[in-house]
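Structure first, commentary second.
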Amino acid sequence: MKLSTRKLLDKSFTGYGIFAIILMACALLLIIVPIATKGIQAFIFRGTIEYRKLRLEKFEEGNLKKVNAELKGSQELRKPIYDMIDQFEKDIRELEYEERREYRKELREVKKSLKELFGPAPGDHQPVLWREQYGQTRWDRAKIKIDQVLFFEEWDYSNPDKMGVKVLVDRKSLFKGTSLEPLFAYVEKHAQSILQPKLVFYWRFLFDESFDAHFFGGIWPEVLGTLYLTLGAMFFAIPMGIIAAIYLTEYAGRGLFISLLRSCISTLAGVPSIVFGLFGLAFFINSVKVSESKSVLAGSLTLALLILPTVIRASEEAIRAVPKTYKEAALSLGAGKWHTVLTVILPAALPGILTGIVISMGRAAGETAPIIFTAAVSVGKPLHFWETLSQPTPALPWNIYNLCTEHEAVDEIRHVQYGMVLTLVALVLILNLAAIILRARISKKLKG
Amino acid sequence: MVESPIQSTEVDNAMNGTDREKSQETASVDKNHNKAPQVTGGKGNNGAQVQDDCHVTTKDFSIFYGDNEAVKKATLSIKARLVTAIIGPSGCGKSTFLRAINRMNDLIPGCSTSGNMIFDGLDIYSPQVDVVALRKRVGMVFQKPNPFPKSIFDNVSYGPRLHGMLKKSELEQIVEQSLVRAALWDEVKDRLHQNALGLSGGQQQRLCLARALAVNPEILLMDEPTSALDPRATAKIEDLISDLRGRYTIIIVTHNMQQAARVSDQTAFFYEGILIEMGDTKPLFTKPREKKTEEYITGRFG
């Protein structure tokens, strides 16, 4: 090959390499940036006076005097709204039945959207659900609700050749010439001063229990459940995996049975996680009965099975990579096989084993399918340690799925879902980081 | 050299007899045996004496890798507290033979032996031998320095700890003593708790030596201990071997004939698995009896 061709090839390979890395970095950014920016909204947002009221009444947090003063101002500004509605209701009593009915229907819509925005009107009976006791607690949600007061949606089918088009219609136009007409301008003008949004750093999102199906509060039960499940899986998988790896590398021969075992382990690594989930349900809960029904224990065991092949494989590779000379040296000093493994081979293989553990830990923390049938529930209290043996738990991966598919008000609590995603990613990152730091320290110690 | 009466033990005599009848290659060994004035000592059945002077004896000892006979019916005896060099071209079975003495070949799948190798009156390959106990008495230094990825202290104390010595003061004493013997103490005494892999190659090899010495072995096997070292480090190791002579039985495999001539009292020459000649080093190098030996040491092959 000519020198110039070779150089060209070299260069193009370098180019491809750089291109691939840049592409990957972009993809990573594309994933990470939305996760971070949207997830952070669960922690930092503009909380309204309703939020502060809620914190004070239900969580007993905040400055009572200050909040009461703010509430007073807010209520004064709200009063004209309800006055206008009262006036309008009086006015329409004098109208013809048909017209009155029409206005009543529209008024109901207005009152409903106002209730969603500002909470129940004064004099209304107290609703049972928390979410109906308060107005919008977040300014970003409140802005949407303000729009719902001011406009309503209509479908325009006027062009028969096209699909229907959604148009926003000014609600004001429905009440033209009535005493309610100024209400819309008033709401638009004063909504912000009524709700008084203030920047909140809600770090307790991580450590608060959730209330009213995640409408309020934090995600502590989910975080704790994820930690329990991950650490539980590690607790079962690491010793078993390492011992299996030691057996396979140091003790097992080269028989048919052993090679069969090896290919079984490889196959196990490729089994879909939902199959593990069903297996966990059938085996751990229905057959072995480790618990009455779903429990953290059953989930941990299932997750442990899921990551076992990874742990075994990584440990095996790490043990194989330990220089044979270490083993020879130990044996020549009169160490037995088991002693050699414990004192020389395992310490030297530890960084590699930890790499496998890091990978599988991330996997265990994020897996949803295996815990659906074995451990996860959508709402629950944070568990005490001893309760993990018998109780199911909410867990981040499952609840993310649950919130975005099965929750009755998906749109209302998107921020919780994003916050959970960010927390899960951060959690995995922290667990990995801890393991990576540990590995680096051990490597450094080994290398001198 | 050990000053002792010239008589052979019964074991030796028996061996020599069979040798003469059996194989020509090993005949040279026997001749040498008989000629050498300070060969063996002890009266007849005195086991202790046998152990003193003939530390390891082999009779028709063969090593197989599967069907391949790597060492062919070697019969020789290695004298206590002397330095014995094993030389020969690559692949002649010298390392295999050395590793047979502390049964390191057990690690290689498919490796088997025949014949006898007797150490301290016991056949090393008999089933009742405790390999761990054997290896404690037969230490080894390998071709490449192979300290554990632990601190210097932990490296040297590995063996003593293994054999049940746990008191810190005792360990400290034995570590110092071993490092002094391996001429490494002055260089590392201030950094005993740093990782051994931070040492230079020559230092690492001396550390391995100290590690082997720390379990107080009777025999020290060295498998080309200087092949990975530079001349200066090599010289240090050779000096050490001279210092250790008289305290331990040292068997050293080497590629380097000058080294064998410099450090050893006895030399065995292997060629294609066959022990060609064994005897005192000086006569072997100056007046080899076998043609092959002469060809090898004059550099005609190898």
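Each chain in the structure tokens gets a letter, A, B and so on, in the order shown; residues start at 1 in every chain, and ligands are counted from 1 in the order they appear.
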Counting only C-alpha atoms, which residues from chain A have an atom at most 12 Å from any atom of chain B, and could you show them as a PyMOL selection string? chain A and resi 250-251+253-254+322-340+342-350+442-448
Can you pull out the residues contacting segment 174-183 of chain B? Cut-off 8 Å, using only C-alpha atoms, and skip same-chain residues under 3 positions away; I want them as a list of chain:residue names. B:Phe153, B:Val156, B:Ser157, B:Glu170, B:Leu171, B:Asp186, B:Arg206, B:Leu207, B:Leu209, B:Ala210, B:Arg211, B:Leu213, B:Ala214, B:Leu240, B:Leu244
Could you pull out all residues of segment 40-211 of chain B with a DSSP call of strand (DSSP E) and give them as a PyMOL selection string? chain B and resi 54-65+68-79+83-87+111-119+122-123+138-141
Tell me, as an NGL selection string, which residues lie within 10 Å of Val358 of chain A, counting only C-alpha atoms; anything in the same chain fewer than 2 positions away does not count. :A and (311 or 352-356 or 360-364 or 428-429 or 431-436 or 439)
Just the selected residues (N, CA, C and O atoms), exported as a tab-separated table (two decimals), in the first residue's frame, please.
```
chain	number	residue	atom	x	y	z
A	311	VAL	N	-22.79	-9.94	37.07
A	311	VAL	CA	-21.80	-9.98	38.15
A	311	VAL	C	-20.84	-11.16	37.93
A	311	VAL	O	-19.62	-11.02	38.04
A	352	GLY	N	-11.86	-4.85	38.94
A	352	GLY	CA	-12.67	-5.39	37.84
A	352	GLY	C	-14.02	-5.86	38.32
A	352	GLY	O	-15.05	-5.64	37.66
A	353	ILE	N	-14.03	-6.50	39.47
A	353	ILE	CA	-15.30	-6.97	40.02
A	353	ILE	C	-16.21	-5.79	40.31
A	353	ILE	O	-17.40	-5.81	40.02
A	354	LEU	N	-15.61	-4.72	40.84
A	354	LEU	CA	-16.41	-3.53	41.15
A	354	LEU	C	-17.02	-2.93	39.89
A	354	LEU	O	-18.14	-2.41	39.92
A	355	THR	N	-16.29	-2.99	38.78
A	355	THR	CA	-16.85	-2.48	37.53
A	355	THR	C	-18.14	-3.22	37.19
A	355	THR	O	-19.15	-2.60	36.86
A	356	GLY	N	-18.10	-4.54	37.32
A	356	GLY	CA	-19.30	-5.32	37.06
A	356	GLY	C	-20.41	-4.95	38.01
A	356	GLY	O	-21.58	-4.84	37.62
A	360	SER	N	-24.14	-3.44	37.10
A	360	SER	CA	-25.36	-4.15	37.47
A	360	SER	C	-26.17	-3.36	38.49
A	360	SER	O	-27.40	-3.49	38.54
A	361	MET	N	-25.50	-2.53	39.27
A	361	MET	CA	-26.23	-1.73	40.25
A	361	MET	C	-27.13	-0.73	39.53
A	361	MET	O	-28.30	-0.57	39.89
A	362	GLY	N	-26.59	-0.08	38.51
A	362	GLY	CA	-27.40	0.85	37.72
A	362	GLY	C	-28.59	0.13	37.13
A	362	GLY	O	-29.71	0.65	37.12
A	363	ARG	N	-28.34	-1.08	36.66
A	363	ARG	CA	-29.41	-1.84	36.03
A	363	ARG	C	-30.48	-2.18	37.07
A	363	ARG	O	-31.67	-2.01	36.81
A	364	ALA	N	-30.05	-2.64	38.23
A	364	ALA	CA	-31.02	-3.04	39.26
A	364	ALA	C	-31.86	-1.85	39.70
A	364	ALA	O	-33.07	-1.98	39.91
A	428	VAL	N	-28.65	6.76	40.41
A	428	VAL	CA	-27.78	5.79	39.73
A	428	VAL	C	-26.38	6.38	39.57
A	428	VAL	O	-25.37	5.72	39.80
A	429	LEU	N	-26.36	7.67	39.22
A	429	LEU	CA	-25.07	8.34	39.03
A	429	LEU	C	-24.28	8.35	40.33
A	429	LEU	O	-23.09	8.07	40.35
A	431	LEU	N	-24.65	6.32	42.97
A	431	LEU	CA	-24.23	4.96	43.31
A	431	LEU	C	-23.01	4.58	42.48
A	431	LEU	O	-22.02	4.03	42.98
A	432	ASN	N	-23.08	4.88	41.18
A	432	ASN	CA	-21.95	4.56	40.30
A	432	ASN	C	-20.71	5.32	40.70
A	432	ASN	O	-19.61	4.77	40.73
A	433	LEU	N	-20.92	6.61	40.98
A	433	LEU	CA	-19.78	7.45	41.32
A	433	LEU	C	-19.07	6.91	42.57
A	433	LEU	O	-17.85	6.84	42.62
A	434	ALA	N	-19.89	6.51	43.54
A	434	ALA	CA	-19.32	5.96	44.77
A	434	ALA	C	-18.48	4.74	44.44
A	434	ALA	O	-17.34	4.59	44.90
A	435	ALA	N	-19.05	3.86	43.61
A	435	ALA	CA	-18.32	2.64	43.26
A	435	ALA	C	-17.07	2.97	42.45
A	435	ALA	O	-16.02	2.34	42.62
A	436	ILE	N	-17.18	3.98	41.58
A	436	ILE	CA	-16.02	4.33	40.74
A	436	ILE	C	-14.90	4.88	41.61
A	436	ILE	O	-13.73	4.54	41.44
A	439	ARG	N	-13.35	2.13	43.42
A	439	ARG	CA	-12.51	1.33	42.53
A	439	ARG	C	-11.18	2.04	42.26
A	439	ARG	O	-10.12	1.44	42.27
```
Would you pick out the contacts of Thr48 of chain A at 12 Å or less, using only C-alpha atoms, so that residues sharing its chain but fewer than 5 positions from it are not included, and give the list as a short mmCIF file (atom, residue, chain, number, x, y, z; two decimals) with N, CA, C and O atoms, in the first residue's frame?
```
data_model
loop_
_atom_site.label_atom_id
_atom_site.label_comp_id
_atom_site.auth_asym_id
_atom_site.auth_seq_id
_atom_site.Cartn_x
_atom_site.Cartn_y
_atom_site.Cartn_z
N LYS A 53 -49.94 28.28 51.74
CA LYS A 53 -51.03 27.93 52.64
C LYS A 53 -51.04 26.42 52.92
O LYS A 53 -51.18 25.97 54.05
N LEU A 54 -50.84 25.67 51.86
CA LEU A 54 -50.81 24.21 51.98
C LEU A 54 -49.69 23.76 52.91
O LEU A 54 -49.90 22.95 53.81
N ARG A 55 -48.51 24.33 52.69
CA ARG A 55 -47.37 23.94 53.53
C ARG A 55 -47.68 24.23 55.00
O ARG A 55 -47.34 23.47 55.88
N VAL A 67 -47.69 34.41 56.16
CA VAL A 67 -48.61 33.77 55.22
C VAL A 67 -50.02 34.33 55.42
O VAL A 67 -50.74 34.59 54.45
N GLU A 70 -50.29 37.65 53.80
CA GLU A 70 -50.38 37.50 52.34
C GLU A 70 -51.77 37.03 51.93
O GLU A 70 -52.34 37.52 50.95
N LEU A 71 -52.29 36.08 52.75
CA LEU A 71 -53.61 35.52 52.44
C LEU A 71 -54.68 36.62 52.49
O LEU A 71 -55.58 36.66 51.66
N SER A 74 -54.57 38.63 49.45
CA SER A 74 -55.06 37.84 48.33
C SER A 74 -56.58 37.76 48.34
O SER A 74 -57.25 37.92 47.31
N LEU A 117 -58.42 27.30 39.58
CA LEU A 117 -57.34 28.27 39.68
C LEU A 117 -57.12 28.75 41.11
O LEU A 117 -56.02 28.74 41.63
N PHE A 118 -58.22 29.18 41.75
CA PHE A 118 -58.05 29.83 43.07
C PHE A 118 -58.48 28.97 44.24
O PHE A 118 -58.38 29.38 45.38
N GLY A 119 -58.99 27.77 43.98
CA GLY A 119 -59.50 26.97 45.09
C GLY A 119 -60.98 27.25 45.29
O GLY A 119 -61.57 28.07 44.58
N TYR A 134 -57.35 23.30 47.59
CA TYR A 134 -56.47 24.43 47.32
C TYR A 134 -56.53 24.80 45.85
O TYR A 134 -56.88 23.97 44.99
N GLY A 135 -56.14 26.02 45.57
CA GLY A 135 -55.98 26.43 44.18
C GLY A 135 -54.66 25.93 43.66
O GLY A 135 -54.05 25.03 44.23
N GLN A 136 -54.24 26.53 42.55
CA GLN A 136 -52.97 26.07 41.97
C GLN A 136 -51.80 26.46 42.85
O GLN A 136 -51.67 27.62 43.24
N THR A 137 -50.95 25.48 43.16
CA THR A 137 -49.82 25.77 44.04
C THR A 137 -48.59 26.21 43.25
O THR A 137 -47.68 26.78 43.80
N ARG A 138 -48.61 25.90 41.96
CA ARG A 138 -47.43 26.25 41.13
C ARG A 138 -47.84 27.27 40.10
O ARG A 138 -48.87 27.14 39.45
N TRP A 139 -47.04 28.29 39.93
CA TRP A 139 -47.37 29.39 39.02
C TRP A 139 -47.42 28.91 37.57
O TRP A 139 -48.25 29.35 36.78
N ASP A 140 -46.55 27.93 37.21
CA ASP A 140 -46.57 27.46 35.82
C ASP A 140 -47.89 26.77 35.50
O ASP A 140 -48.44 26.92 34.42
N ARG A 141 -48.41 26.01 36.48
CA ARG A 141 -49.71 25.38 36.26
C ARG A 141 -50.82 26.46 36.31
O ARG A 141 -51.78 26.40 35.55
N ALA A 142 -50.65 27.43 37.20
CA ALA A 142 -51.67 28.48 37.36
C ALA A 142 -51.86 29.24 36.05
O ALA A 142 -52.99 29.58 35.68
N LYS A 143 -50.77 29.49 35.34
CA LYS A 143 -50.88 30.25 34.10
C LYS A 143 -51.78 29.51 33.10
O LYS A 143 -52.57 30.12 32.39
N ALA A 191 -54.59 38.21 38.52
CA ALA A 191 -54.29 36.81 38.89
C ALA A 191 -52.94 36.70 39.59
O ALA A 191 -52.80 36.03 40.61
N GLN A 192 -51.95 37.39 39.05
CA GLN A 192 -50.62 37.27 39.62
C GLN A 192 -50.58 37.83 41.04
O GLN A 192 -49.97 37.24 41.93
N SER A 193 -51.25 38.96 41.23
CA SER A 193 -51.20 39.54 42.58
C SER A 193 -52.08 38.77 43.55
O SER A 193 -51.85 38.80 44.76
N ILE A 194 -53.06 38.03 43.02
CA ILE A 194 -53.85 37.17 43.91
C ILE A 194 -53.02 35.97 44.34
O ILE A 194 -52.98 35.61 45.52
N LEU A 195 -52.34 35.35 43.38
CA LEU A 195 -51.63 34.11 43.69
C LEU A 195 -50.22 34.36 44.25
O LEU A 195 -49.61 33.48 44.85
N GLN A 196 -49.71 35.54 44.02
CA GLN A 196 -48.41 35.95 44.58
C GLN A 196 -47.32 34.88 44.43
O GLN A 196 -46.86 34.32 45.42
N PRO A 197 -46.95 34.55 43.22
CA PRO A 197 -45.91 33.52 43.03
C PRO A 197 -44.56 33.97 43.57
O PRO A 197 -44.19 35.13 43.42
N LYS A 198 -43.90 33.03 44.24
CA LYS A 198 -42.56 33.33 44.75
C LYS A 198 -41.68 32.13 44.46
O LYS A 198 -42.16 30.98 44.49
N LEU A 199 -40.44 32.39 44.18
CA LEU A 199 -39.52 31.29 43.86
C LEU A 199 -39.33 30.41 45.11
O LEU A 199 -39.05 30.91 46.20
N VAL A 200 -39.51 29.10 44.93
CA VAL A 200 -39.35 28.16 46.05
C VAL A 200 -38.25 27.17 45.71
O VAL A 200 -38.19 26.70 44.57
#
```
Using only C-alpha atoms, which of A:Ala321, A:Ile265, A:Val275, A:Leu107 sits nearest Pro309 of chain A?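 Among the listed residues, A:Ile265 lies closest to Pro309 of chain A.
The nearest approach to Arg204 of chain A among the residues A:Val33, A:Ile44, A:Leu308, A:Leu150, with only C-alpha atoms taken into account, belongs to A:Ile44.
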To test your reading of the structure, identify every residue in segment 251-352 of chain A that backbone DSSP assigns to alpha helix (DSSP H), and report it as a ChimeraX atom specification. /A:256-270,273-280,296-321,324-332,337-340,346-352
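Atom to atom, atom CA of Phe45 of chain A and atom CA of Gln148 of chain A stand 20.9 Å apart.
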Set the distance at 8 Å and use only C-alpha atoms: which residues neighbour segment 169-174 of chain A once local chain neighbours fewer than 2 positions away are removed? I'd like the list as a list of chain:residue names.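 So the residues in contact are A:Glu106, A:Val149, A:Leu150, A:Phe151, A:Phe152, A:Glu153, A:Glu154, A:Val167, A:Lys176, A:Glu181, A:Phe184.
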Can you write out the residues you just picked, keeping N, CA and C atoms, as an mmCIF file, in the first residue's frame?
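Okay, result_14.cif is ready:
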```
data_model
loop_
_atom_site.group_PDB
_atom_site.id
_atom_site.type_symbol
_atom_site.label_atom_id
_atom_site.label_comp_id
_atom_site.auth_asym_id
_atom_site.auth_seq_id
_atom_site.Cartn_x
_atom_site.Cartn_y
_atom_site.Cartn_z
ATOM 1 N N GLU A 106 -72.888 28.330 30.949
ATOM 2 C CA GLU A 106 -71.586 28.963 30.744
ATOM 3 C C GLU A 106 -70.974 29.387 32.069
ATOM 4 N N VAL A 149 -59.628 29.970 32.224
ATOM 5 C CA VAL A 149 -60.696 30.863 32.639
ATOM 6 C C VAL A 149 -61.036 31.818 31.495
ATOM 7 N N LEU A 150 -59.995 32.295 30.833
ATOM 8 C CA LEU A 150 -60.198 33.344 29.829
ATOM 9 C C LEU A 150 -60.681 32.804 28.499
ATOM 10 N N PHE A 151 -60.256 31.589 28.185
ATOM 11 C CA PHE A 151 -60.616 31.051 26.860
ATOM 12 C C PHE A 151 -61.241 29.683 27.011
ATOM 13 N N PHE A 152 -61.952 29.293 25.980
ATOM 14 C CA PHE A 152 -62.361 27.896 25.930
ATOM 15 C C PHE A 152 -62.062 27.349 24.549
ATOM 16 N N GLU A 153 -61.991 26.042 24.461
ATOM 17 C CA GLU A 153 -61.580 25.405 23.220
ATOM 18 C C GLU A 153 -62.786 25.101 22.361
ATOM 19 N N GLU A 154 -62.604 25.218 21.050
ATOM 20 C CA GLU A 154 -63.660 24.839 20.141
ATOM 21 C C GLU A 154 -63.018 24.169 18.938
ATOM 22 N N VAL A 167 -59.527 25.732 18.020
ATOM 23 C CA VAL A 167 -59.357 27.183 18.159
ATOM 24 C C VAL A 167 -59.728 27.589 19.581
ATOM 25 N N LYS A 176 -70.945 39.077 26.671
ATOM 26 C CA LYS A 176 -70.893 40.462 26.219
ATOM 27 C C LYS A 176 -72.106 41.234 26.742
ATOM 28 N N GLU A 181 -68.932 40.586 32.335
ATOM 29 C CA GLU A 181 -67.903 40.847 31.340
ATOM 30 C C GLU A 181 -66.590 41.368 31.936
ATOM 31 N N PHE A 184 -63.380 38.982 33.405
ATOM 32 C CA PHE A 184 -62.247 38.375 32.691
ATOM 33 C C PHE A 184 -61.047 39.304 32.656
#
```
Residues within 8 Å of segment 260-275 of chain B, only C-alpha atoms, excluding chain neighbours under 3 positions, as a PyMOL selection string: chain B and resi 1+25-26+69-75+82-89+91-94+238+241-242+254+256-257+278-282+284-285+293
Please dump the current selection as a tab-separated table (two decimals), in the first residue's frame; keep C-alpha atoms.
```
chain	number	residue	atom	x	y	z
B	1	MET	CA	31.73	-27.02	49.72
B	25	GLU	CA	23.02	-40.27	29.49
B	26	THR	CA	22.94	-40.37	33.22
B	69	GLU	CA	8.04	-36.33	28.03
B	70	ALA	CA	9.59	-33.03	29.03
B	71	VAL	CA	12.18	-34.46	31.41
B	72	LYS	CA	13.44	-37.92	30.65
B	73	LYS	CA	14.51	-40.18	33.47
B	74	ALA	CA	16.75	-37.78	35.25
B	75	THR	CA	18.77	-39.22	38.05
B	82	LEU	CA	25.37	-25.53	48.04
B	83	VAL	CA	24.39	-23.71	44.90
B	84	THR	CA	23.41	-25.96	42.06
B	85	ALA	CA	22.92	-24.48	38.63
B	86	ILE	CA	20.81	-26.07	35.95
B	87	ILE	CA	21.77	-24.97	32.46
B	88	GLY	CA	20.66	-25.89	29.00
B	89	PRO	CA	19.11	-24.44	25.87
B	91	GLY	CA	12.90	-25.97	26.06
B	92	CYS	CA	15.30	-28.49	27.52
B	93	GLY	CA	13.14	-29.10	30.58
B	94	LYS	CA	15.29	-27.34	33.12
B	238	GLU	CA	24.35	-12.93	42.26
B	241	ILE	CA	23.22	-15.93	46.12
B	242	SER	CA	26.83	-16.08	47.25
B	254	THR	CA	19.83	-20.03	34.25
B	256	ASN	CA	23.44	-17.51	31.26
B	257	MET	CA	26.43	-19.80	31.39
B	278	MET	CA	26.24	-33.10	36.21
B	279	GLY	CA	29.19	-32.27	38.35
B	280	ASP	CA	31.28	-29.65	40.03
B	281	THR	CA	31.00	-26.42	38.18
B	282	LYS	CA	34.64	-25.74	37.44
B	284	LEU	CA	32.28	-29.10	33.98
B	285	PHE	CA	33.06	-25.81	32.35
B	293	THR	CA	28.18	-30.23	27.04
```
Env of segment 286-300 of chain A: 6 Å cut, atoms = only C-alpha atoms, seq-sep filter 4 positions within chain, self excluded. Answer as an mmCIF file with N, CA, C and O atoms, in the first residue's frame.
```
data_model
loop_
_atom_site.group_PDB
_atom_site.id
_atom_site.type_symbol
_atom_site.label_atom_id
_atom_site.label_comp_id
_atom_site.auth_asym_id
_atom_site.auth_seq_id
_atom_site.Cartn_x
_atom_site.Cartn_y
_atom_site.Cartn_z
ATOM 1 N N LEU A 229 -34.468 -1.879 47.200
ATOM 2 C CA LEU A 229 -34.456 -2.915 46.164
ATOM 3 C C LEU A 229 -33.056 -3.097 45.586
ATOM 4 O O LEU A 229 -32.570 -4.216 45.402
ATOM 5 N N GLY A 232 -30.714 -4.506 48.233
ATOM 6 C CA GLY A 232 -31.126 -5.891 48.473
ATOM 7 C C GLY A 232 -30.631 -6.799 47.363
ATOM 8 O O GLY A 232 -30.087 -7.876 47.626
ATOM 9 N N ALA A 233 -30.810 -6.336 46.123
ATOM 10 C CA ALA A 233 -30.356 -7.138 44.985
ATOM 11 C C ALA A 233 -28.849 -7.352 45.046
ATOM 12 O O ALA A 233 -28.348 -8.458 44.831
ATOM 13 N N ALA A 282 -43.870 -16.180 40.117
ATOM 14 C CA ALA A 282 -44.228 -17.596 40.162
ATOM 15 C C ALA A 282 -43.390 -18.348 41.184
ATOM 16 O O ALA A 282 -43.895 -19.195 41.918
ATOM 17 N N ALA A 304 -31.850 -9.642 41.886
ATOM 18 C CA ALA A 304 -30.557 -10.302 42.065
ATOM 19 C C ALA A 304 -30.340 -11.328 40.961
ATOM 20 O O ALA A 304 -29.253 -11.407 40.372
ATOM 21 N N ILE A 371 -39.957 -5.758 38.898
ATOM 22 C CA ILE A 371 -40.570 -5.419 40.184
ATOM 23 C C ILE A 371 -42.074 -5.200 40.071
ATOM 24 O O ILE A 371 -42.754 -5.085 41.071
ATOM 25 N N THR A 374 -43.453 -8.259 41.591
ATOM 26 C CA THR A 374 -42.843 -8.800 42.798
ATOM 27 C C THR A 374 -42.715 -7.798 43.939
ATOM 28 O O THR A 374 -42.613 -8.217 45.089
ATOM 29 N N ALA A 375 -42.678 -6.494 43.643
ATOM 30 C CA ALA A 375 -42.371 -5.584 44.742
ATOM 31 C C ALA A 375 -43.098 -4.247 44.697
ATOM 32 O O ALA A 375 -43.291 -3.623 45.722
ATOM 33 N N THR A 388 -39.343 -4.559 55.078
ATOM 34 C CA THR A 388 -38.988 -4.957 53.710
ATOM 35 C C THR A 388 -39.196 -6.452 53.491
ATOM 36 O O THR A 388 -39.314 -6.901 52.365
ATOM 37 N N LEU A 389 -39.219 -7.214 54.579
ATOM 38 C CA LEU A 389 -39.393 -8.655 54.436
ATOM 39 C C LEU A 389 -40.802 -9.017 53.971
ATOM 40 O O LEU A 389 -41.006 -10.051 53.362
ATOM 41 N N SER A 390 -41.755 -8.157 54.301
ATOM 42 C CA SER A 390 -43.123 -8.555 53.999
ATOM 43 C C SER A 390 -43.912 -7.520 53.201
ATOM 44 O O SER A 390 -44.958 -7.838 52.667
ATOM 45 N N GLN A 391 -43.433 -6.279 53.142
ATOM 46 C CA GLN A 391 -44.242 -5.220 52.547
ATOM 47 C C GLN A 391 -43.763 -4.841 51.143
ATOM 48 O O GLN A 391 -42.569 -4.828 50.884
ATOM 49 N N PRO A 392 -44.713 -4.500 50.265
ATOM 50 C CA PRO A 392 -44.307 -3.940 48.979
ATOM 51 C C PRO A 392 -43.946 -2.470 49.142
ATOM 52 O O PRO A 392 -44.225 -1.869 50.177
#
```
